[in-house]
Amino acid sequence: MQSQDGLQIVALVAIFAAIFTFVEYSVASPSFIEFRSAPPFNRLRFIALFTTVLVLSLIMRGFEAPSTLTRLMQLMGERIGGSLDFPFSPVRLMVLMMPEGTESRVLYLISITAGLAYLVSLLSIATFGVLLRFHHWPRRSGSFNVWVNLPMFDPTTGGDVVKRLNRDSQINLILGFLLPFVFPALGKAVSLLFTPIVVNDPQTLIWMVAAWAFLPASLLMRGIALSRVAQMIHVQRKREYARAAAEGLLPV
């Protein structure tokens with residue numbers, strides 16, 4: 001049973017997040033949210049996070065108020081979690097992160113929830129890859145404005161834009177790949193050096209597993225998107241250079 005104060009804090013955070021998102025999408029010059037005018041990048045990330053939290057919530061609800069849907073989610077989690085729970089896999093590392101003496105029920109929950117959450121993250125990345133390949137994202141949504149879609153990126157400083165975008169893309173891809181492995185290692189270190197991690201609370205387990213699966217997927221998608229933007233700018237430069245050369249505008 002959750003306390004009334006906890007529910008009020010969650011509702012307050014949700015209201016502030018909704019207001020912030022509405023303002024970011026309403027003003028002419030955004031300040032933080034990237035790819036605002038390049039759908040469905042942000043929609044896909046939101047759907048992935050929403051789906052992850054919803055599925056994990058249904059699994060947890062099944063232990064209090066079982067139904068056909070909750071049992072289906074639990075069975076899917078068992079199958080998927082068992083398939084992904086092999087040596088050195090992210091799911092196995094999430095289970096090993098827990099301290100000695102953790103209840104078998106908690107380990108079971110981590111296994112099935114981590115498996116489903118990781119599957120959702122993989123599907124979101126695959127869906128974004130399909131959009132890039134077959135729908136030519138982001139060109140299908142019109143002209144791409146770097147200033148609007150990358151408000152935190154200043155193209156006038158720091159050297160060549162294409163090199164900087166490719167560098168940022170590689171950093172995001174590396175972090176996105178390593179984070180599912182690094183997060184359990186950090187959690188294990190915290191458990192050994194400081195306070196053991198306790199996830200007996202369903203909400204704590206849901207958001208911990210959701211963040212573990214969503215953040216790496218979001219970084220990977222951002223890395224892919226930045227690489228795509230760098231490629232677009234590079235191709236546009238080559239076209240402009242060829243046009244200028246054909247019109248005799250380049251110095252001899």
# chains A, B, ... in the order shown; residues from 1 in each chain; ligands from 1

call {"tool": "residues_around", "arguments": {"residues": "A:Gly187", "least_positions_apart": "4", "cutoff": "7 Å", "atoms": "only C-alpha atoms", "output": "list in words"}}
result
Met97, Phe183 and Ser191 of chain A

call {"tool": "write_last_selection", "arguments": {"atoms": "C-alpha atoms", "output": "PDB file, in the first residue's frame"}}
result
ATOM      1  CA  MET A  97      23.174  -7.302  -8.674  1.00  0.00           C
ATOM      2  CA  PHE A 183      24.212  -0.264 -14.198  1.00  0.00           C
ATOM      3  CA  SER A 191      25.404  -2.910  -2.233  1.00  0.00           C
TER       4      SER A 191
END

call {"tool": "residues_around", "arguments": {"residues": "A:Leu58", "least_positions_apart": "4", "cutoff": "12 Å", "atoms": "only C-alpha atoms", "output": "list in words"}}
result
Thr51, Thr52, Val53, Leu54, Gly62, Phe63, Glu64, Ala65, Pro66, Ser67, Thr68, Leu69, Thr70, Arg71, Leu72, Met73, Gln74, Leu75, Met76, Gly77, Thr113, Leu116, Pro202, Gln203 and Ile206 of chain A

call {"tool": "write_last_selection", "arguments": {"atoms": "C-alpha atoms", "output": "mmCIF file, in the first residue's frame"}}
result
data_model
loop_
_atom_site.group_PDB
_atom_site.id
_atom_site.type_symbol
_atom_site.label_atom_id
_atom_site.label_comp_id
_atom_site.auth_asym_id
_atom_site.auth_seq_id
_atom_site.Cartn_x
_atom_site.Cartn_y
_atom_site.Cartn_z
ATOM 1 C CA THR A 51 4.674 0.260 -22.649
ATOM 2 C CA THR A 52 7.465 -0.814 -20.306
ATOM 3 C CA VAL A 53 5.846 0.733 -17.229
ATOM 4 C CA LEU A 54 2.409 -0.602 -18.213
ATOM 5 C CA GLY A 62 -1.182 -9.931 -11.000
ATOM 6 C CA PHE A 63 0.033 -10.801 -7.524
ATOM 7 C CA GLU A 64 -2.658 -8.668 -5.874
ATOM 8 C CA ALA A 65 -5.556 -8.938 -8.328
ATOM 9 C CA PRO A 66 -4.831 -11.740 -10.820
ATOM 10 C CA SER A 67 -6.578 -11.775 -14.168
ATOM 11 C CA THR A 68 -6.129 -13.340 -17.583
ATOM 12 C CA LEU A 69 -4.143 -10.331 -18.816
ATOM 13 C CA THR A 70 -1.821 -10.208 -15.812
ATOM 14 C CA ARG A 71 -1.223 -13.959 -15.991
ATOM 15 C CA LEU A 72 -0.421 -13.604 -19.697
ATOM 16 C CA MET A 73 2.144 -10.897 -18.925
ATOM 17 C CA GLN A 74 3.696 -13.075 -16.225
ATOM 18 C CA LEU A 75 3.955 -16.063 -18.568
ATOM 19 C CA MET A 76 5.502 -13.890 -21.265
ATOM 20 C CA GLY A 77 7.949 -12.534 -18.721
ATOM 21 C CA THR A 113 10.429 -7.816 -15.496
ATOM 22 C CA LEU A 116 10.178 -7.957 -20.783
ATOM 23 C CA PRO A 202 6.642 -2.681 -6.393
ATOM 24 C CA GLN A 203 6.966 0.925 -7.563
ATOM 25 C CA ILE A 206 9.049 -1.032 -11.747
#

call {"tool": "atom_distance", "arguments": {"atom1": "atom CA of A:Arg239", "atom2": "atom CA of A:Leu150"}}
result
22.9 Å

call {"tool": "atom_distance", "arguments": {"atom1": "atom CA of A:Leu220", "atom2": "atom CA of A:Leu186"}}
result
20.2 Å

call {"tool": "closest_residue", "arguments": {"among": "A:Val10, A:Leu165, A:Ala114, A:Ala17", "to": "A:Ala211", "atoms": "only C-alpha atoms"}}
result
A:Ala114

call {"tool": "residues_around", "arguments": {"residues": "stretch 195-199 of chain A", "least_positions_apart": "2", "cutoff": "12 Å", "atoms": "only C-alpha atoms", "output": "short mmCIF file (atom, residue, chain, number, x, y, z; two decimals) with N, CA, C and O atoms, in the first residue's frame"}}
result
data_model
loop_
_atom_site.label_atom_id
_atom_site.label_comp_id
_atom_site.auth_asym_id
_atom_site.auth_seq_id
_atom_site.Cartn_x
_atom_site.Cartn_y
_atom_site.Cartn_z
N MET A 94 21.39 -8.20 -13.86
CA MET A 94 20.41 -7.55 -12.99
C MET A 94 20.06 -8.45 -11.81
O MET A 94 19.90 -7.97 -10.68
N VAL A 95 19.96 -9.75 -12.05
CA VAL A 95 19.66 -10.68 -10.96
C VAL A 95 20.85 -10.79 -10.01
O VAL A 95 20.68 -10.78 -8.78
N LEU A 96 22.06 -10.85 -10.57
CA LEU A 96 23.25 -10.97 -9.72
C LEU A 96 23.54 -9.69 -8.95
O LEU A 96 24.33 -9.72 -8.00
N MET A 97 22.95 -8.57 -9.36
CA MET A 97 23.17 -7.30 -8.67
C MET A 97 22.61 -7.33 -7.25
O MET A 97 23.12 -6.65 -6.36
N MET A 98 21.59 -8.13 -7.05
CA MET A 98 20.94 -8.13 -5.75
C MET A 98 21.86 -8.76 -4.69
O MET A 98 22.63 -9.67 -4.98
N PRO A 99 21.80 -8.25 -3.46
CA PRO A 99 22.70 -8.76 -2.41
C PRO A 99 22.34 -10.17 -1.98
O PRO A 99 21.26 -10.69 -2.29
N GLU A 100 23.28 -10.78 -1.27
CA GLU A 100 23.06 -12.13 -0.74
C GLU A 100 21.88 -12.11 0.24
O GLU A 100 21.71 -11.18 1.02
N GLY A 101 21.10 -13.16 0.18
CA GLY A 101 19.96 -13.25 1.07
C GLY A 101 18.68 -12.66 0.51
O GLY A 101 17.66 -12.64 1.22
N THR A 102 18.71 -12.17 -0.71
CA THR A 102 17.50 -11.64 -1.32
C THR A 102 16.49 -12.76 -1.54
O THR A 102 16.84 -13.87 -1.94
N GLU A 103 15.23 -12.47 -1.27
CA GLU A 103 14.20 -13.48 -1.40
C GLU A 103 14.12 -13.99 -2.84
O GLU A 103 14.32 -13.24 -3.80
N ARG A 105 11.53 -14.77 -4.42
CA ARG A 105 10.42 -14.11 -5.11
C ARG A 105 10.89 -12.82 -5.77
O ARG A 105 10.49 -12.50 -6.90
N VAL A 106 11.75 -12.06 -5.07
CA VAL A 106 12.26 -10.82 -5.63
C VAL A 106 13.15 -11.10 -6.84
O VAL A 106 13.07 -10.42 -7.87
N LEU A 107 13.99 -12.13 -6.74
CA LEU A 107 14.84 -12.49 -7.87
C LEU A 107 14.01 -12.94 -9.07
O LEU A 107 14.34 -12.62 -10.22
N LEU A 109 10.95 -11.90 -9.75
CA LEU A 109 10.33 -10.70 -10.31
C LEU A 109 11.32 -9.90 -11.15
O LEU A 109 10.98 -9.40 -12.22
N ILE A 110 12.55 -9.79 -10.67
CA ILE A 110 13.56 -9.05 -11.42
C ILE A 110 13.84 -9.73 -12.75
O ILE A 110 13.99 -9.07 -13.79
N PRO A 184 24.07 -2.66 -13.52
CA PRO A 184 24.11 -3.70 -12.48
C PRO A 184 25.44 -3.75 -11.73
O PRO A 184 25.46 -4.02 -10.52
N LEU A 186 27.40 -1.19 -11.06
CA LEU A 186 27.37 -0.09 -10.08
C LEU A 186 26.45 -0.42 -8.91
O LEU A 186 26.76 -0.12 -7.76
N GLY A 187 25.31 -1.03 -9.23
CA GLY A 187 24.40 -1.42 -8.16
C GLY A 187 25.03 -2.44 -7.21
O GLY A 187 24.85 -2.36 -5.99
N LYS A 188 25.79 -3.38 -7.78
CA LYS A 188 26.47 -4.37 -6.94
C LYS A 188 27.53 -3.70 -6.07
O LYS A 188 27.67 -4.03 -4.88
N ALA A 189 28.26 -2.74 -6.65
CA ALA A 189 29.28 -2.03 -5.87
C ALA A 189 28.65 -1.23 -4.74
O ALA A 189 29.18 -1.20 -3.62
N VAL A 190 27.52 -0.60 -5.01
CA VAL A 190 26.82 0.16 -3.96
C VAL A 190 26.36 -0.78 -2.85
O VAL A 190 26.46 -0.46 -1.66
N SER A 191 25.87 -1.95 -3.24
CA SER A 191 25.40 -2.91 -2.23
C SER A 191 26.54 -3.39 -1.35
O SER A 191 26.37 -3.62 -0.15
N LEU A 192 27.74 -3.57 -1.93
CA LEU A 192 28.88 -4.06 -1.17
C LEU A 192 29.52 -2.98 -0.30
O LEU A 192 29.96 -3.24 0.82
N LEU A 193 29.58 -1.75 -0.80
CA LEU A 193 30.29 -0.68 -0.11
C LEU A 193 29.40 0.14 0.81
O LEU A 193 29.86 0.64 1.83
N ASP A 201 9.47 -2.88 -2.60
CA ASP A 201 8.36 -2.03 -3.01
C ASP A 201 8.12 -2.19 -4.51
O ASP A 201 9.06 -2.04 -5.30
N PRO A 202 6.90 -2.48 -4.96
CA PRO A 202 6.64 -2.68 -6.39
C PRO A 202 6.99 -1.47 -7.25
O PRO A 202 7.53 -1.63 -8.35
N GLN A 203 6.67 -0.27 -6.77
CA GLN A 203 6.97 0.92 -7.56
C GLN A 203 8.47 1.10 -7.77
O GLN A 203 8.92 1.48 -8.85
N THR A 204 9.24 0.83 -6.73
CA THR A 204 10.69 0.93 -6.85
C THR A 204 11.22 -0.04 -7.90
O THR A 204 12.06 0.31 -8.74
N LEU A 205 10.72 -1.27 -7.86
CA LEU A 205 11.16 -2.27 -8.83
C LEU A 205 10.76 -1.88 -10.25
O LEU A 205 11.56 -1.99 -11.19
N ILE A 206 9.53 -1.40 -10.42
CA ILE A 206 9.05 -1.03 -11.75
C ILE A 206 9.91 0.07 -12.35
O ILE A 206 10.39 -0.03 -13.49
N TRP A 207 10.14 1.14 -11.60
CA TRP A 207 10.88 2.28 -12.16
C TRP A 207 12.37 1.99 -12.29
O TRP A 207 13.02 2.51 -13.20
N MET A 208 12.91 1.17 -11.41
CA MET A 208 14.32 0.81 -11.54
C MET A 208 14.55 -0.01 -12.82
O MET A 208 15.47 0.29 -13.61
N VAL A 209 13.71 -1.01 -13.05
CA VAL A 209 13.86 -1.84 -14.25
C VAL A 209 13.53 -1.04 -15.50
O VAL A 209 14.20 -1.17 -16.54
#

call {"tool": "residues_around", "arguments": {"residues": "A:Pro155", "least_positions_apart": "4", "cutoff": "10 Å", "atoms": "only C-alpha atoms", "output": "PyMOL selection string"}}
result
chain A and resi 146-147+150+159-162+164-165

call {"tool": "closest_residue", "arguments": {"among": "A:Ser218, A:Ser83, A:Ser29, A:Ser227", "to": "A:Leu179", "atoms": "only C-alpha atoms"}}
result
A:Ser218

call {"tool": "select_by_dssp", "arguments": {"residues": "stretch 56-242 of chain A", "states": "helix (DSSP H, G or I)", "output": "mmCIF file with C-alpha atoms, in the first residue's frame"}}
result
data_model
loop_
_atom_site.group_PDB
_atom_site.id
_atom_site.type_symbol
_atom_site.label_atom_id
_atom_site.label_comp_id
_atom_site.auth_asym_id
_atom_site.auth_seq_id
_atom_site.Cartn_x
_atom_site.Cartn_y
_atom_site.Cartn_z
ATOM 1 C CA LEU A 56 5.612 -4.197 -15.502
ATOM 2 C CA SER A 57 2.661 -2.735 -13.619
ATOM 3 C CA LEU A 58 0.393 -5.471 -14.961
ATOM 4 C CA ILE A 59 2.870 -8.101 -13.784
ATOM 5 C CA MET A 60 2.911 -6.603 -10.291
ATOM 6 C CA ARG A 61 -0.858 -6.241 -10.237
ATOM 7 C CA THR A 68 -6.129 -13.340 -17.583
ATOM 8 C CA LEU A 69 -4.143 -10.331 -18.816
ATOM 9 C CA THR A 70 -1.821 -10.208 -15.812
ATOM 10 C CA ARG A 71 -1.223 -13.959 -15.991
ATOM 11 C CA LEU A 72 -0.421 -13.604 -19.697
ATOM 12 C CA MET A 73 2.144 -10.897 -18.925
ATOM 13 C CA GLN A 74 3.696 -13.075 -16.225
ATOM 14 C CA LEU A 75 3.955 -16.063 -18.568
ATOM 15 C CA MET A 76 5.502 -13.890 -21.265
ATOM 16 C CA GLY A 77 7.949 -12.534 -18.721
ATOM 17 C CA GLU A 78 8.902 -16.036 -17.634
ATOM 18 C CA ARG A 79 9.534 -17.163 -21.201
ATOM 19 C CA ILE A 80 11.389 -14.038 -22.315
ATOM 20 C CA GLY A 81 13.281 -13.619 -19.052
ATOM 21 C CA GLY A 82 14.352 -17.254 -19.180
ATOM 22 C CA SER A 83 15.521 -16.875 -22.785
ATOM 23 C CA LEU A 84 17.571 -13.757 -22.006
ATOM 24 C CA PRO A 90 22.115 -7.891 -18.943
ATOM 25 C CA VAL A 91 19.190 -9.799 -17.426
ATOM 26 C CA ARG A 92 21.519 -12.177 -15.579
ATOM 27 C CA LEU A 93 23.561 -9.222 -14.316
ATOM 28 C CA MET A 94 20.411 -7.555 -12.990
ATOM 29 C CA VAL A 95 19.664 -10.679 -10.962
ATOM 30 C CA LEU A 96 23.253 -10.966 -9.723
ATOM 31 C CA SER A 104 13.708 -15.865 -4.310
ATOM 32 C CA ARG A 105 10.418 -14.108 -5.107
ATOM 33 C CA VAL A 106 12.261 -10.818 -5.632
ATOM 34 C CA LEU A 107 14.841 -12.494 -7.872
ATOM 35 C CA TYR A 108 12.026 -14.076 -9.867
ATOM 36 C CA LEU A 109 10.331 -10.702 -10.308
ATOM 37 C CA ILE A 110 13.560 -9.046 -11.423
ATOM 38 C CA SER A 111 14.162 -11.792 -13.971
ATOM 39 C CA ILE A 112 10.740 -11.621 -15.625
ATOM 40 C CA THR A 113 10.429 -7.816 -15.496
ATOM 41 C CA ALA A 114 13.962 -7.234 -16.790
ATOM 42 C CA GLY A 115 13.374 -9.669 -19.643
ATOM 43 C CA LEU A 116 10.178 -7.957 -20.783
ATOM 44 C CA ALA A 117 11.603 -4.462 -20.349
ATOM 45 C CA TYR A 118 14.715 -5.344 -22.327
ATOM 46 C CA LEU A 119 12.575 -6.821 -25.108
ATOM 47 C CA VAL A 120 10.520 -3.621 -25.345
ATOM 48 C CA SER A 121 13.708 -1.553 -25.581
ATOM 49 C CA LEU A 122 15.066 -3.783 -28.357
ATOM 50 C CA LEU A 123 11.783 -3.527 -30.262
ATOM 51 C CA SER A 124 11.812 0.272 -29.998
ATOM 52 C CA ILE A 125 15.341 0.411 -31.431
ATOM 53 C CA ALA A 126 14.362 -1.970 -34.232
ATOM 54 C CA THR A 127 11.291 0.137 -35.030
ATOM 55 C CA PHE A 128 13.414 3.265 -35.269
ATOM 56 C CA GLY A 129 15.814 1.428 -37.562
ATOM 57 C CA VAL A 130 12.889 0.521 -39.850
ATOM 58 C CA LEU A 131 11.836 4.190 -39.940
ATOM 59 C CA LEU A 132 15.341 5.178 -40.972
ATOM 60 C CA ARG A 133 15.574 2.522 -43.654
ATOM 61 C CA PHE A 134 12.174 2.595 -45.281
ATOM 62 C CA ARG A 139 13.165 13.898 -44.374
ATOM 63 C CA ARG A 140 9.655 12.507 -44.726
ATOM 64 C CA SER A 141 8.472 15.063 -42.166
ATOM 65 C CA VAL A 146 19.017 21.826 -36.759
ATOM 66 C CA TRP A 147 18.304 24.793 -34.464
ATOM 67 C CA VAL A 148 14.782 23.605 -33.600
ATOM 68 C CA ASN A 149 15.531 19.890 -33.406
ATOM 69 C CA VAL A 161 29.539 20.258 -37.457
ATOM 70 C CA VAL A 162 29.655 16.832 -39.110
ATOM 71 C CA LYS A 163 32.618 15.705 -37.028
ATOM 72 C CA ARG A 164 31.007 16.908 -33.819
ATOM 73 C CA LEU A 165 27.720 15.163 -34.617
ATOM 74 C CA ASN A 166 29.522 11.937 -35.458
ATOM 75 C CA ARG A 167 31.550 12.181 -32.245
ATOM 76 C CA ASP A 168 28.411 12.752 -30.153
ATOM 77 C CA SER A 169 26.733 9.889 -32.005
ATOM 78 C CA GLN A 170 29.560 7.496 -31.179
ATOM 79 C CA ILE A 171 29.535 8.537 -27.511
ATOM 80 C CA ASN A 172 25.791 7.902 -27.268
ATOM 81 C CA LEU A 173 26.080 4.546 -29.010
ATOM 82 C CA ILE A 174 28.897 3.408 -26.725
ATOM 83 C CA LEU A 175 27.060 4.522 -23.583
ATOM 84 C CA GLY A 176 23.808 2.971 -24.780
ATOM 85 C CA PHE A 177 25.519 -0.354 -25.382
ATOM 86 C CA LEU A 178 27.453 -0.404 -22.098
ATOM 87 C CA LEU A 179 24.819 0.987 -19.733
ATOM 88 C CA PRO A 180 22.788 -2.251 -19.336
ATOM 89 C CA PHE A 181 26.014 -3.899 -18.148
ATOM 90 C CA VAL A 182 27.393 -0.962 -16.162
ATOM 91 C CA PHE A 183 24.212 -0.264 -14.198
ATOM 92 C CA PRO A 184 24.109 -3.705 -12.483
ATOM 93 C CA ALA A 185 27.845 -3.475 -11.759
ATOM 94 C CA LEU A 186 27.373 -0.091 -10.084
ATOM 95 C CA GLY A 187 24.396 -1.425 -8.158
ATOM 96 C CA LYS A 188 26.472 -4.367 -6.937
ATOM 97 C CA ALA A 189 29.281 -2.028 -5.875
ATOM 98 C CA VAL A 190 26.824 0.156 -3.959
ATOM 99 C CA SER A 191 25.404 -2.910 -2.233
ATOM 100 C CA LEU A 192 28.879 -4.064 -1.167
ATOM 101 C CA LEU A 193 30.288 -0.679 -0.109
ATOM 102 C CA PRO A 202 6.642 -2.681 -6.393
ATOM 103 C CA GLN A 203 6.966 0.925 -7.563
ATOM 104 C CA THR A 204 10.695 0.926 -6.854
ATOM 105 C CA LEU A 205 11.159 -2.272 -8.831
ATOM 106 C CA ILE A 206 9.049 -1.032 -11.747
ATOM 107 C CA TRP A 207 10.875 2.281 -12.157
ATOM 108 C CA MET A 208 14.319 0.807 -11.543
ATOM 109 C CA VAL A 209 13.863 -1.836 -14.249
ATOM 110 C CA ALA A 210 12.138 0.642 -16.594
ATOM 111 C CA ALA A 211 15.019 3.114 -16.277
ATOM 112 C CA TRP A 212 17.586 0.335 -16.739
ATOM 113 C CA ALA A 213 15.940 -0.706 -20.024
ATOM 114 C CA PHE A 214 14.770 2.677 -21.349
ATOM 115 C CA LEU A 215 17.836 4.878 -20.839
ATOM 116 C CA PRO A 216 20.211 2.700 -22.919
ATOM 117 C CA ALA A 217 17.608 2.365 -25.674
ATOM 118 C CA SER A 218 17.086 6.126 -25.667
ATOM 119 C CA LEU A 219 20.828 6.751 -25.921
ATOM 120 C CA LEU A 220 21.159 4.258 -28.776
ATOM 121 C CA MET A 221 18.289 5.887 -30.663
ATOM 122 C CA ARG A 222 19.792 9.330 -30.100
ATOM 123 C CA GLY A 223 23.163 8.119 -31.356
ATOM 124 C CA ILE A 224 21.563 6.694 -34.487
ATOM 125 C CA ALA A 225 19.606 9.907 -35.023
ATOM 126 C CA LEU A 226 22.687 12.131 -34.664
ATOM 127 C CA SER A 227 24.562 9.942 -37.124
ATOM 128 C CA ARG A 228 21.671 10.317 -39.566
ATOM 129 C CA VAL A 229 21.708 14.106 -39.207
ATOM 130 C CA ALA A 230 25.475 14.201 -39.764
ATOM 131 C CA GLN A 231 25.039 12.095 -42.898
ATOM 132 C CA MET A 232 22.338 14.450 -44.193
ATOM 133 C CA ILE A 233 24.535 17.510 -43.666
ATOM 134 C CA HIS A 234 27.482 15.787 -45.358
ATOM 135 C CA VAL A 235 25.376 14.849 -48.404
ATOM 136 C CA GLN A 236 23.944 18.369 -48.597
ATOM 137 C CA ARG A 237 27.446 19.820 -48.532
ATOM 138 C CA LYS A 238 28.545 17.572 -51.398
ATOM 139 C CA ARG A 239 25.531 18.622 -53.454
ATOM 140 C CA GLU A 240 26.171 22.305 -52.853
ATOM 141 C CA TYR A 241 29.853 21.877 -53.694
ATOM 142 C CA ALA A 242 29.023 20.050 -56.925
#

call {"tool": "decode", "arguments": {"residues": "stretch 75-83 of chain A", "atoms": "all heavy atoms", "output": "PDB file, in the first residue's frame"}}
result
ATOM      1  N   LEU A  75       3.449 -14.944 -17.772  1.00  0.00           N
ATOM      2  CA  LEU A  75       3.955 -16.063 -18.568  1.00  0.00           C
ATOM      3  C   LEU A  75       4.925 -15.579 -19.648  1.00  0.00           C
ATOM      4  O   LEU A  75       5.961 -16.210 -19.891  1.00  0.00           O
ATOM      5  CB  LEU A  75       2.780 -16.815 -19.211  1.00  0.00           C
ATOM      6  CG  LEU A  75       1.896 -17.621 -18.252  1.00  0.00           C
ATOM      7  CD1 LEU A  75       0.704 -18.207 -18.999  1.00  0.00           C
ATOM      8  CD2 LEU A  75       2.700 -18.718 -17.570  1.00  0.00           C
ATOM      9  N   MET A  76       4.591 -14.452 -20.281  1.00  0.00           N
ATOM     10  CA  MET A  76       5.502 -13.890 -21.265  1.00  0.00           C
ATOM     11  C   MET A  76       6.826 -13.507 -20.615  1.00  0.00           C
ATOM     12  O   MET A  76       7.903 -13.724 -21.176  1.00  0.00           O
ATOM     13  CB  MET A  76       4.863 -12.665 -21.931  1.00  0.00           C
ATOM     14  CG  MET A  76       3.722 -12.987 -22.881  1.00  0.00           C
ATOM     15  SD  MET A  76       3.017 -11.484 -23.607  1.00  0.00           S
ATOM     16  CE  MET A  76       4.455 -10.771 -24.402  1.00  0.00           C
ATOM     17  N   GLY A  77       6.737 -12.910 -19.428  1.00  0.00           N
ATOM     18  CA  GLY A  77       7.949 -12.534 -18.721  1.00  0.00           C
ATOM     19  C   GLY A  77       8.803 -13.733 -18.371  1.00  0.00           C
ATOM     20  O   GLY A  77      10.036 -13.687 -18.462  1.00  0.00           O
ATOM     21  N   GLU A  78       8.153 -14.824 -17.950  1.00  0.00           N
ATOM     22  CA  GLU A  78       8.902 -16.036 -17.634  1.00  0.00           C
ATOM     23  C   GLU A  78       9.620 -16.585 -18.856  1.00  0.00           C
ATOM     24  O   GLU A  78      10.802 -16.966 -18.784  1.00  0.00           O
ATOM     25  CB  GLU A  78       7.949 -17.085 -17.070  1.00  0.00           C
ATOM     26  CG  GLU A  78       7.402 -16.750 -15.686  1.00  0.00           C
ATOM     27  CD  GLU A  78       6.412 -17.791 -15.210  1.00  0.00           C
ATOM     28  OE1 GLU A  78       6.179 -18.772 -15.966  1.00  0.00           O
ATOM     29  OE2 GLU A  78       5.856 -17.634 -14.110  1.00  0.00           O
ATOM     30  N   ARG A  79       8.923 -16.626 -19.982  1.00  0.00           N
ATOM     31  CA  ARG A  79       9.534 -17.163 -21.201  1.00  0.00           C
ATOM     32  C   ARG A  79      10.665 -16.265 -21.691  1.00  0.00           C
ATOM     33  O   ARG A  79      11.774 -16.730 -21.992  1.00  0.00           O
ATOM     34  CB  ARG A  79       8.470 -17.303 -22.295  1.00  0.00           C
ATOM     35  CG  ARG A  79       7.406 -18.320 -21.996  1.00  0.00           C
ATOM     36  CD  ARG A  79       7.972 -19.738 -22.021  1.00  0.00           C
ATOM     37  NE  ARG A  79       6.954 -20.738 -21.790  1.00  0.00           N
ATOM     38  CZ  ARG A  79       6.187 -21.273 -22.730  1.00  0.00           C
ATOM     39  NH1 ARG A  79       6.319 -20.870 -23.985  1.00  0.00           N
ATOM     40  NH2 ARG A  79       5.292 -22.196 -22.427  1.00  0.00           N
ATOM     41  N   ILE A  80      10.385 -14.974 -21.784  1.00  0.00           N
ATOM     42  CA  ILE A  80      11.389 -14.038 -22.315  1.00  0.00           C
ATOM     43  C   ILE A  80      12.546 -13.887 -21.341  1.00  0.00           C
ATOM     44  O   ILE A  80      13.720 -13.885 -21.738  1.00  0.00           O
ATOM     45  CB  ILE A  80      10.739 -12.677 -22.614  1.00  0.00           C
ATOM     46  CG1 ILE A  80       9.667 -12.840 -23.693  1.00  0.00           C
ATOM     47  CG2 ILE A  80      11.789 -11.660 -23.055  1.00  0.00           C
ATOM     48  CD1 ILE A  80       8.828 -11.611 -23.911  1.00  0.00           C
ATOM     49  N   GLY A  81      12.220 -13.742 -20.046  1.00  0.00           N
ATOM     50  CA  GLY A  81      13.281 -13.619 -19.052  1.00  0.00           C
ATOM     51  C   GLY A  81      14.167 -14.846 -19.016  1.00  0.00           C
ATOM     52  O   GLY A  81      15.395 -14.744 -18.896  1.00  0.00           O
ATOM     53  N   GLY A  82      13.556 -16.040 -19.143  1.00  0.00           N
ATOM     54  CA  GLY A  82      14.352 -17.254 -19.180  1.00  0.00           C
ATOM     55  C   GLY A  82      15.239 -17.343 -20.412  1.00  0.00           C
ATOM     56  O   GLY A  82      16.369 -17.840 -20.349  1.00  0.00           O
ATOM     57  N   SER A  83      14.728 -16.843 -21.552  1.00  0.00           N
ATOM     58  CA  SER A  83      15.521 -16.875 -22.785  1.00  0.00           C
ATOM     59  C   SER A  83      16.701 -15.914 -22.732  1.00  0.00           C
ATOM     60  O   SER A  83      17.767 -16.201 -23.294  1.00  0.00           O
ATOM     61  CB  SER A  83      14.627 -16.533 -23.986  1.00  0.00           C
ATOM     62  OG  SER A  83      13.557 -17.450 -24.104  1.00  0.00           O
TER      63      SER A  83
END
